[in-house]
file run38.cif (mmCIF, C-alpha atoms)
data_input
#
loop_
_atom_site.label_atom_id
_atom_site.label_comp_id
_atom_site.auth_asym_id
_atom_site.auth_seq_id
_atom_site.Cartn_x
_atom_site.Cartn_y
_atom_site.Cartn_z
CA MET A 1 -93.59 -130.20 98.22
CA SER A 2 -94.17 -126.46 97.68
CA LYS A 3 -97.47 -125.17 96.31
CA VAL A 4 -95.68 -123.78 93.26
CA LYS A 5 -94.01 -127.08 92.39
CA LYS A 6 -97.17 -129.08 93.07
CA TYR A 7 -99.16 -126.66 90.92
CA LEU A 8 -96.78 -126.88 87.96
CA ILE A 9 -96.49 -130.68 88.08
CA MET A 10 -100.27 -131.15 88.23
CA LEU A 11 -100.79 -128.72 85.38
CA VAL A 12 -98.23 -130.16 83.00
CA ILE A 13 -98.98 -133.85 83.60
CA VAL A 14 -102.63 -133.29 82.70
CA THR A 15 -101.63 -131.16 79.72
CA ILE A 16 -99.18 -133.68 78.26
CA THR A 17 -101.68 -136.51 78.73
CA LEU A 18 -104.39 -134.71 76.79
CA CYS A 19 -102.07 -133.30 74.12
CA SER A 20 -100.70 -136.78 73.41
CA CYS A 21 -104.15 -138.08 72.60
CA SER A 22 -105.45 -138.24 69.06
CA MET A 23 -106.75 -134.92 67.83
CA LYS A 24 -108.11 -135.96 64.44
CA ASP A 25 -111.68 -135.16 65.40
CA GLU A 26 -110.89 -131.57 66.35
CA ASN A 27 -111.08 -128.87 63.74
CA HIS A 28 -109.44 -125.60 64.72
CA VAL A 29 -109.50 -124.07 61.25
CA LEU A 30 -111.91 -121.16 61.03
CA ASN A 31 -114.50 -120.86 58.32
CA GLU A 32 -113.91 -117.19 57.41
CA ASN A 33 -117.23 -117.00 55.56
CA LYS A 34 -119.24 -117.83 58.66
CA ILE A 35 -117.47 -115.58 61.17
CA ALA A 36 -117.68 -111.82 60.80
CA VAL A 37 -114.37 -109.97 61.09
CA SER A 38 -114.53 -108.18 64.43
CA ASN A 39 -113.46 -104.60 64.97
CA GLU A 40 -111.06 -105.84 67.63
CA LYS A 41 -109.35 -108.06 65.07
CA LYS A 42 -108.97 -105.15 62.67
CA GLU A 43 -107.47 -102.96 65.39
CA ILE A 44 -104.98 -105.62 66.47
CA ILE A 45 -103.80 -106.37 62.93
CA THR A 46 -103.48 -102.64 62.17
CA ALA A 47 -101.43 -102.15 65.33
CA LEU A 48 -99.17 -105.10 64.51
CA ASN A 49 -98.44 -103.84 61.00
CA ASN A 50 -98.07 -100.09 61.60
CA MET A 51 -96.78 -97.46 64.00
CA HIS A 52 -99.74 -95.99 65.89
CA ASN A 53 -100.97 -93.89 68.78
CA GLN A 54 -104.30 -94.18 70.60
CA TYR A 55 -106.16 -92.48 67.76
CA ASN A 56 -104.69 -93.56 64.39
CA ALA A 57 -102.03 -95.64 62.66
CA TYR A 58 -99.50 -94.35 60.12
CA ARG A 59 -97.49 -95.94 57.33
CA ILE A 60 -95.61 -95.06 54.14
CA CYS A 61 -97.71 -95.48 50.99
CA GLU A 62 -96.58 -98.48 48.92
CA GLU A 63 -97.36 -96.74 45.60
CA ASP A 64 -95.61 -93.48 46.52
CA GLY A 65 -92.78 -93.61 49.05
CA TYR A 66 -93.00 -89.88 49.81
CA VAL A 67 -96.57 -90.04 51.07
CA VAL A 68 -97.76 -91.00 54.58
CA GLN A 69 -101.14 -92.68 54.98
CA GLN A 70 -103.28 -92.07 58.05
CA LEU A 71 -105.42 -95.10 58.97
CA THR A 72 -108.09 -95.72 61.52
CA LEU A 73 -107.23 -98.34 64.13
CA LYS A 74 -109.49 -100.66 62.13
CA GLY A 75 -107.19 -100.31 59.12
CA LYS A 76 -109.26 -98.01 56.92
CA ILE A 77 -107.32 -95.26 55.12
CA LYS A 78 -108.57 -91.83 56.31
CA LYS A 79 -106.23 -89.42 54.61
CA THR A 80 -102.87 -89.16 52.85
CA TYR A 81 -100.17 -86.55 53.42
CA ARG A 82 -97.34 -85.75 50.99
CA LEU A 83 -94.16 -85.12 52.96
CA MET A 84 -91.98 -84.09 50.04
CA SER A 85 -91.71 -84.16 46.26
CA LYS A 86 -90.00 -87.10 44.57
CA ASP A 87 -86.21 -86.96 44.65
CA LYS A 88 -83.91 -89.71 43.37
CA LYS A 89 -81.28 -88.74 45.94
CA ILE A 90 -83.65 -89.16 48.90
CA THR A 91 -85.32 -92.37 50.09
CA MET A 92 -88.07 -92.52 52.68
CA LEU A 93 -87.13 -95.38 55.03
CA GLY A 94 -90.37 -95.40 56.99
CA VAL A 95 -92.36 -94.14 59.95
CA ALA A 96 -90.05 -94.55 62.95
CA TYR A 97 -92.32 -93.79 65.91
CA VAL A 98 -95.71 -92.24 66.70
CA THR A 99 -96.92 -90.50 69.84
CA ASN A 100 -100.20 -88.71 70.46
CA LYS A 101 -98.44 -85.46 69.58
CA GLU A 102 -95.97 -86.31 66.80
CA ILE A 103 -94.91 -88.58 63.95
CA PHE A 104 -91.22 -89.41 63.53
CA TYR A 105 -89.92 -90.61 60.18
CA ILE A 106 -86.53 -91.46 58.66
CA LEU A 107 -84.93 -90.35 55.39
CA ASP A 108 -81.84 -91.69 53.63
CA LYS A 109 -80.16 -88.61 52.13
CA ASN A 110 -76.61 -88.39 50.74
CA CYS A 111 -75.61 -91.59 52.57
CA LYS A 112 -76.81 -90.13 55.87
CA CYS A 113 -79.79 -91.12 57.98
CA GLU A 114 -82.04 -88.20 58.97
CA LEU A 115 -84.71 -88.25 61.68
CA TRP A 116 -87.60 -85.85 61.04
CA VAL A 117 -90.65 -84.99 63.13
CA ILE A 118 -94.12 -83.71 62.20
CA PRO A 119 -96.54 -82.37 64.85
CA LEU A 120 -100.10 -83.65 65.09
CA GLU A 121 -103.06 -81.35 65.72
CA HIS A 122 -106.15 -82.55 67.59
CA ASN A 123 -109.36 -80.71 66.88
CA LYS A 124 -112.37 -82.73 65.81
CA LYS A 125 -109.92 -85.06 64.10
CA GLU A 126 -106.20 -85.73 64.15
CA SER A 127 -104.40 -83.72 61.46
CA VAL A 128 -100.77 -84.03 60.30
CA LEU A 129 -99.15 -80.57 60.08
CA THR A 130 -96.75 -81.26 57.21
CA THR A 131 -95.80 -77.57 56.85
CA LYS A 132 -94.27 -77.69 60.35
CA LYS A 133 -92.05 -80.73 59.77
CA ARG A 134 -88.44 -80.31 60.89
CA LEU A 135 -85.13 -82.14 60.95
CA LEU A 136 -83.99 -83.34 64.37
CA PHE A 137 -80.56 -84.88 63.65
CA ARG A 138 -78.42 -86.89 61.23
CA THR A 139 -76.50 -90.12 61.79
CA SER A 140 -74.02 -92.16 59.78
CA ASN A 141 -76.03 -95.39 60.12
CA VAL A 142 -79.68 -96.45 59.94
CA ILE A 143 -81.41 -95.97 63.28
CA LYS A 144 -84.34 -97.53 65.11
CA VAL A 145 -86.30 -95.30 67.48
CA LEU A 146 -87.10 -97.11 70.73
CA TYR A 147 -88.83 -94.30 72.61
CA ALA A 148 -89.73 -90.63 72.14
CA ASP A 149 -91.46 -87.94 74.19
CA ASP A 150 -91.37 -84.12 74.40
CA ASP A 151 -87.90 -84.09 75.95
CA TYR A 152 -85.93 -87.15 74.81
CA ILE A 153 -85.49 -89.68 72.02
CA GLY A 154 -83.91 -93.08 72.69
CA TYR A 155 -82.68 -94.98 69.63
CA LYS A 156 -80.41 -97.73 68.31
CA GLU A 157 -77.68 -96.92 65.80
CA GLY A 158 -76.28 -100.28 64.82
CA TRP A 159 -75.88 -102.09 68.14
CA ARG A 160 -75.20 -98.93 70.11
CA TYR A 161 -77.90 -97.26 72.19
CA LYS A 162 -77.93 -93.47 71.96
CA GLU A 163 -80.06 -90.67 73.32
CA TYR A 164 -81.01 -87.21 72.09
CA ASN A 165 -81.97 -84.31 74.36
CA ARG A 166 -84.56 -82.34 72.39
CA ASN A 167 -84.38 -79.25 74.62
CA LEU A 168 -80.59 -78.96 74.36
CA GLN A 169 -80.64 -80.29 70.78
CA LYS A 170 -77.71 -82.61 71.37
CA LYS A 171 -76.87 -86.26 72.02
CA ILE A 172 -76.16 -87.18 75.62
CA SER A 173 -73.95 -89.87 77.17
CA ILE A 174 -75.25 -92.79 79.21
CA ASN A 175 -72.96 -93.90 82.02
CA ASP A 176 -72.81 -95.77 85.28
CA GLU A 177 -71.36 -94.48 88.55
CA ARG A 178 -67.78 -95.53 87.78
CA LYS A 179 -67.08 -94.29 84.27
CA LYS A 180 -68.63 -93.61 80.90
CA GLU A 181 -69.66 -96.75 79.06
CA SER A 182 -71.17 -97.73 75.75
CA TYR A 183 -74.47 -99.61 75.86
CA SER A 184 -76.66 -101.46 73.40
CA GLN A 185 -79.93 -103.32 73.06
CA PRO A 186 -78.68 -106.55 71.44
CA ASP A 187 -80.73 -108.70 69.10
CA SER A 188 -80.24 -111.58 71.55
CA PHE A 189 -82.79 -109.83 73.78
CA ILE A 190 -86.24 -111.15 72.88
CA ILE A 191 -88.32 -108.39 74.45
CA HIS A 192 -92.09 -108.67 74.79
CA SER A 193 -93.65 -105.37 75.82
CA THR A 194 -97.12 -104.66 77.19
CA GLU A 195 -97.98 -102.73 74.02
CA LEU A 196 -98.12 -104.05 70.47
CA GLY A 197 -95.07 -102.89 68.55
CA ASP A 198 -91.69 -101.70 69.78
CA LYS A 199 -92.80 -99.42 72.58
CA ASN A 200 -90.89 -99.39 75.85
CA VAL A 201 -92.91 -99.10 79.04
CA ASN A 202 -92.81 -95.71 80.79
CA GLY A 203 -89.56 -94.75 79.06
CA MET A 204 -87.67 -97.65 80.65
CA ILE A 205 -85.08 -99.18 78.29
CA VAL A 206 -83.39 -102.57 78.77
CA LEU A 207 -79.70 -102.46 77.79
CA SER A 208 -76.41 -104.37 77.85
CA LYS A 209 -72.85 -103.06 78.14
CA ASN A 210 -70.63 -103.13 75.06
CA THR A 211 -67.32 -104.90 75.67
CA GLY A 212 -65.40 -104.06 72.50
CA VAL A 213 -65.05 -105.18 68.89
CA ASN A 214 -65.99 -108.83 68.24
CA ASN A 215 -67.29 -109.22 71.80
CA TYR A 216 -70.97 -109.55 72.58
CA PRO A 217 -72.52 -107.18 75.14
CA LYS A 218 -72.84 -108.39 78.71
CA ASN A 219 -75.13 -107.95 81.71
CA ILE A 220 -78.67 -106.53 81.83
CA TYR A 221 -79.18 -102.91 82.75
CA LEU A 222 -82.27 -100.80 83.23
CA HIS A 223 -82.20 -97.21 82.00
CA LYS A 224 -84.77 -94.47 82.50
CA ILE A 225 -84.83 -92.16 79.48
CA GLY A 226 -83.25 -88.81 80.35
CA SER A 227 -81.66 -89.95 83.62
CA GLY A 228 -78.20 -90.37 82.06
CA LYS A 229 -77.59 -93.45 84.23
CA VAL A 230 -78.12 -97.19 84.20
CA LYS A 231 -78.82 -99.75 86.91
CA LYS A 232 -77.47 -103.29 86.60
CA ILE A 233 -80.09 -105.90 87.41
CA ALA A 234 -78.33 -109.09 86.23
CA ASP A 235 -74.87 -110.44 85.43
CA THR A 236 -74.87 -112.38 82.19
CA ALA A 237 -72.91 -113.03 79.02
CA THR A 238 -74.61 -112.78 75.62
CA SER A 239 -73.73 -114.25 72.25
CA ILE A 240 -75.33 -115.20 68.98
CA LYS A 241 -76.24 -118.58 70.54
CA TRP A 242 -77.91 -117.24 73.68
CA SER A 243 -81.31 -115.57 73.70
CA ILE A 244 -82.27 -113.62 76.81
CA VAL A 245 -86.07 -113.53 77.06
CA LEU A 246 -87.68 -110.54 78.75
CA PHE A 247 -91.21 -109.34 79.35
CA CYS A 248 -91.74 -105.70 80.38
CA SER A 249 -94.93 -104.92 82.29
CA ASP A 250 -96.00 -101.59 83.77
CA ASN A 251 -93.93 -102.02 86.92
CA ARG A 252 -91.88 -105.21 86.52
CA ILE A 253 -89.48 -106.99 84.20
CA TYR A 254 -89.60 -110.79 84.00
CA TYR A 255 -86.53 -112.36 82.43
CA THR A 256 -84.73 -115.65 81.87
CA GLY A 257 -81.88 -117.18 79.83
CA ILE A 258 -79.04 -115.85 81.96
CA LYS A 259 -75.58 -117.22 81.08
CA LYS A 260 -72.65 -116.88 83.44
CA GLU A 261 -69.23 -116.12 81.99
CA ARG A 262 -66.89 -119.12 81.59
CA ILE A 263 -69.84 -121.49 82.08
CA ASN A 264 -71.14 -122.92 78.83
CA THR A 265 -74.70 -123.37 80.07
CA GLN A 266 -77.74 -121.16 80.20
CA SER A 267 -79.99 -120.83 83.22
CA TRP A 268 -83.76 -120.88 82.75
CA ASP A 269 -84.55 -119.60 86.24
CA ILE A 270 -87.24 -116.92 85.86
CA TRP A 271 -86.34 -113.68 87.57
CA CYS A 272 -88.40 -110.61 88.39
CA TYR A 273 -87.21 -107.04 88.84
CA ASP A 274 -89.71 -104.70 90.51
CA PHE A 275 -89.36 -101.01 89.53
CA GLU A 276 -91.31 -99.71 92.51
CA THR A 277 -89.53 -101.62 95.29
CA ASN A 278 -86.17 -101.75 93.48
CA SER A 279 -85.99 -105.48 94.24
CA ASN A 280 -84.69 -108.35 92.11
CA TYR A 281 -85.62 -111.93 92.95
CA CYS A 282 -85.95 -115.44 91.48
CA LEU A 283 -89.61 -116.17 90.88
CA LEU A 284 -89.31 -119.74 89.53
CA GLU A 285 -86.31 -122.05 89.50
CA GLU A 286 -85.39 -123.99 86.37
CA LYS A 287 -85.54 -127.25 88.34
CA GLN A 288 -89.16 -126.57 89.30
CA LEU A 289 -90.05 -126.05 85.65
CA LYS A 290 -88.16 -129.07 84.35
CA ASP A 291 -89.60 -131.30 87.05
CA ALA A 292 -92.96 -130.44 85.49
CA ALA A 293 -92.04 -130.70 81.79
CA SER A 294 -88.89 -131.24 79.76
CA PHE A 295 -87.61 -128.46 77.50
CA SER A 296 -84.35 -127.19 76.05
CA GLU A 297 -85.12 -123.50 76.18
CA ILE A 298 -87.75 -120.95 77.11
CA THR A 299 -88.80 -118.97 74.05
CA GLY A 300 -91.21 -116.46 75.56
CA ILE A 301 -92.66 -114.99 78.74
CA PHE A 302 -96.09 -113.35 78.77
CA LEU A 303 -98.23 -111.74 81.44
CA ASN A 304 -102.01 -112.18 81.36
CA LYS A 305 -103.42 -110.14 84.26
CA ASN A 306 -101.92 -111.89 87.32
CA GLU A 307 -100.89 -115.00 85.39
CA LEU A 308 -97.44 -115.73 83.98
CA TRP A 309 -97.44 -117.82 80.80
CA ILE A 310 -94.13 -119.48 79.95
CA GLU A 311 -93.53 -120.58 76.35
CA THR A 312 -91.04 -123.43 75.80
CA ASP A 313 -89.71 -125.40 72.83
CA ASN A 314 -91.70 -128.48 73.87
CA GLU A 315 -94.27 -128.76 71.05
CA LYS A 316 -96.60 -131.06 73.03
CA CYS A 317 -96.54 -128.80 76.06
CA LYS A 318 -95.86 -125.38 74.61
CA PHE A 319 -97.08 -123.38 77.59
CA MET A 320 -96.70 -123.63 81.33
CA TYR A 321 -98.98 -121.52 83.46
CA PHE A 322 -97.97 -119.89 86.74
CA PRO A 323 -100.31 -117.70 88.82
CA ILE A 324 -98.38 -114.86 90.48
CA GLU A 325 -101.09 -114.80 93.13
CA LEU A 326 -101.96 -118.35 94.13
CA ASN A 327 -105.69 -118.98 94.33
CA GLU A 328 -106.72 -122.58 95.03
CA LYS A 329 -110.30 -121.85 93.91
CA GLN A 330 -109.09 -120.98 90.42
CA LEU A 331 -106.79 -124.00 90.15
CA GLU A 332 -109.09 -126.30 88.20
CA ALA A 333 -110.23 -123.58 85.77
CA SER A 334 -106.65 -122.40 85.22
CA ILE A 335 -105.42 -125.90 84.40
CA ARG A 336 -108.27 -126.38 81.94
CA LYS A 337 -107.46 -123.08 80.21
CA SER A 338 -103.80 -123.96 79.71
CA ILE A 339 -104.72 -127.45 78.52
CA GLU A 340 -107.02 -126.07 75.84
CA LEU A 341 -104.44 -123.51 74.70
CA ASN A 342 -101.74 -126.19 74.49
CA LYS A 343 -104.04 -128.49 72.52
CA HIS A 344 -104.91 -125.70 70.13
CA VAL A 345 -101.31 -124.63 69.47
CA TYR A 346 -100.22 -128.27 69.12
CA SER A 347 -102.91 -128.87 66.50
CA LEU A 348 -101.71 -125.78 64.57
CA TYR A 349 -98.12 -127.06 64.70
CA ASN A 350 -99.29 -130.30 63.11
CA GLN A 351 -100.70 -128.25 60.22
CA ASN A 352 -97.89 -125.73 59.86
CA LYS A 353 -94.83 -125.25 62.08
CA ASP A 354 -94.28 -121.64 60.92
CA LEU A 355 -95.96 -120.15 64.00
CA ILE A 356 -95.07 -117.22 66.22
CA ILE A 357 -96.81 -116.46 69.50
CA VAL A 358 -97.20 -112.69 69.23
CA ARG A 359 -98.82 -111.96 72.56
CA ILE A 360 -100.77 -113.40 75.46
CA GLY A 361 -102.80 -110.81 77.33
CA GLU A 362 -106.33 -109.71 78.14
CA ASP A 363 -107.28 -113.42 78.15
CA GLN A 364 -106.33 -113.81 74.49
CA CYS A 365 -103.44 -115.49 72.69
CA LEU A 366 -102.42 -113.96 69.35
CA ILE A 367 -100.76 -116.39 66.94
CA GLU A 368 -99.02 -115.40 63.71
CA GLN A 369 -99.09 -118.19 61.12
CA LEU A 370 -97.04 -118.00 57.92
CA CYS A 371 -99.08 -119.37 55.01
CA GLU A 372 -97.93 -119.73 51.40
CA ASN A 373 -98.59 -116.18 50.22
CA PHE A 374 -99.66 -114.31 53.34
CA VAL A 375 -99.39 -114.08 57.12
CA ARG A 376 -102.51 -114.98 59.08
CA ILE A 377 -103.21 -113.68 62.58
CA ARG A 378 -105.22 -116.07 64.78
CA CYS A 379 -106.77 -115.27 68.14
CA PHE A 380 -107.48 -117.89 70.81
CA ASP A 381 -109.75 -116.78 73.67
CA ILE A 382 -108.39 -118.27 76.89
CA ASN A 383 -111.65 -117.91 78.83
CA GLU A 384 -113.90 -119.23 76.06
CA GLU A 385 -111.27 -121.93 75.35
CA LYS A 386 -111.58 -121.63 71.58
CA GLU A 387 -110.29 -119.75 68.57
CA ILE A 388 -112.50 -116.71 67.95
CA TRP A 389 -110.84 -115.48 64.74
#

call {"tool": "encode", "arguments": {"input": "run38.cif", "output": "structure tokens"}}
result
Amino acid sequence: MSKVKKYLIMLVIVTITLCSCSMKDENHVLNENKIAVSNEKKEIITALNNMHNQYNAYRICEEDGYVVQQLTLKGKIKKTYRLMSKDKKITMLGVAYVTNKEIFYILDKNCKCELWVIPLEHNKKESVLTTKKRLLFRTSNVIKVLYADDDYIGYKEGWRYKEYNRNLQKKISINDERKKESYSQPDSFIIHSTELGDKNVNGMIVLSKNTGVNNYPKNIYLHKIGSGKVKKIADTATSIKWSIVLFCSDNRIYYTGIKKERINTQSWDIWCYDFETNSNYCLLEEKQLKDAASFSEITGIFLNKNELWIETDNEKCKFMYFPIELNEKQLEASIRKSIELNKHVYSLYNQNKDLIIVRIGEDQCLIEQLCENFVRIRCFDINEEKEIW
């Protein structure tokens, strides 16, 4: 029996045994009055709710849709900037993207979508230079900016992925070596990035190829912004029923949920594509995972340092833990960590099943819980093996 298989089986058997036990004596609900709200919590919640750079966060003011608010990363409003006077024919759709140099925002004007940019100035503080705002381009449909830098902007218009060359001030085509193609970033891709929010790592965009009207995109491609080309890393079919789960790290993509054409099944083998070595390989086979714990689908992949955390639809064993670098000395501690996280999430499911695992990283698991009138963000510390806020 391989070390990987032995590791997974040992981990999950212990986890299921403990999670099946009675948990009535455990209380995982925080007493908010006794625990001070940490600055880290404020920064995380601000980042989740707003577009941000490393200095500040930005959002449209709820009371006045033509004003942008600048917030600290702890959520405190620093300053407000009026972008334009009120106009019934123009609607501010929101802040689209933020870099350390610029803010991008979208207007709905005369049934057209306009992307505007405002430069940021860094002296003793970050200032928004509203007098230097300018229009970049117009589109027929609402867009979503996926990436922006000094030279290029990558964005979604409907399902289609498009790119804008800022130096040439024109849209450019993305193609493979054979012929020009149309690509998209379908909603069936559940992409977890290393940063909070919709930021793509190092300008690398994950795409699929459009196959025509009424047909879902197929295959997984990797595209470097500005290169004009794509590289296919996996053959797969996509549809409204099939969710392809990806995690983008600084130098790798981990993915699963591949479906072969004409075969009405989905594979939960976990694959890894390495940017640096240009290699694509199967990291964990579905059989190895299912020998350890039963599940119907994998709902998330997360990377915590050199540990891969695999989220499944098994409520009693929500997470399986896989160390990318095997270390026998850490085996016992690693199993205990995953057991405690599984127990904690299972107890929350018993209270309220409206949970979303936002992120696992930096030895913390962020959990979004939908309550009656608000959304609560919880944080479980993997090392301390308890909820810290």

call {"tool": "resolve_selection", "arguments": {"input": "run38.cif", "expression": "the PyMOL selection byres ((chain A and resi 89) around 9)", "output": "list of chain:residue names"}}
result
A:Lys86, A:Asp87, A:Lys88, A:Ile90, A:Thr91, A:Asp108, A:Lys109, A:Asn110

call {"tool": "closest_residue", "arguments": {"input": "run38.cif", "among": "A:Thr139, A:Tyr58, A:Lys124, A:Thr238", "to": "Cys111 of chain A", "atoms": "all atoms listed in the file"}}
result
A:Thr139

call {"tool": "resolve_selection", "arguments": {"input": "run38.cif", "expression": "the PyMOL selection byres ((chain A and resi 101) around 9)", "output": "PyMOL selection string"}}
result
chain A and resi 53+98-100+102-103+118-122+149-150

call {"tool": "resolve_selection", "arguments": {"input": "run38.cif", "expression": "the PyMOL selection byres ((chain A and resi 295-300) around 12)", "output": "ChimeraX atom specification"}}
result
/A:188-193,241-248,254-258,265-270,286-287,289-294,301-303,308-320,356-360

call {"tool": "closest_residue", "arguments": {"input": "run38.cif", "among": "A:Leu146, A:Ile233, A:Leu284, A:Leu115", "to": "Ile205 of chain A", "atoms": "only C-alpha atoms"}}
result
A:Leu146

call {"tool": "atom_distance", "arguments": {"input": "run38.cif", "atom1": "atom CA of Lys162 of chain A", "atom2": "atom CA of Ser184 of chain A"}}
result
8.2 Å
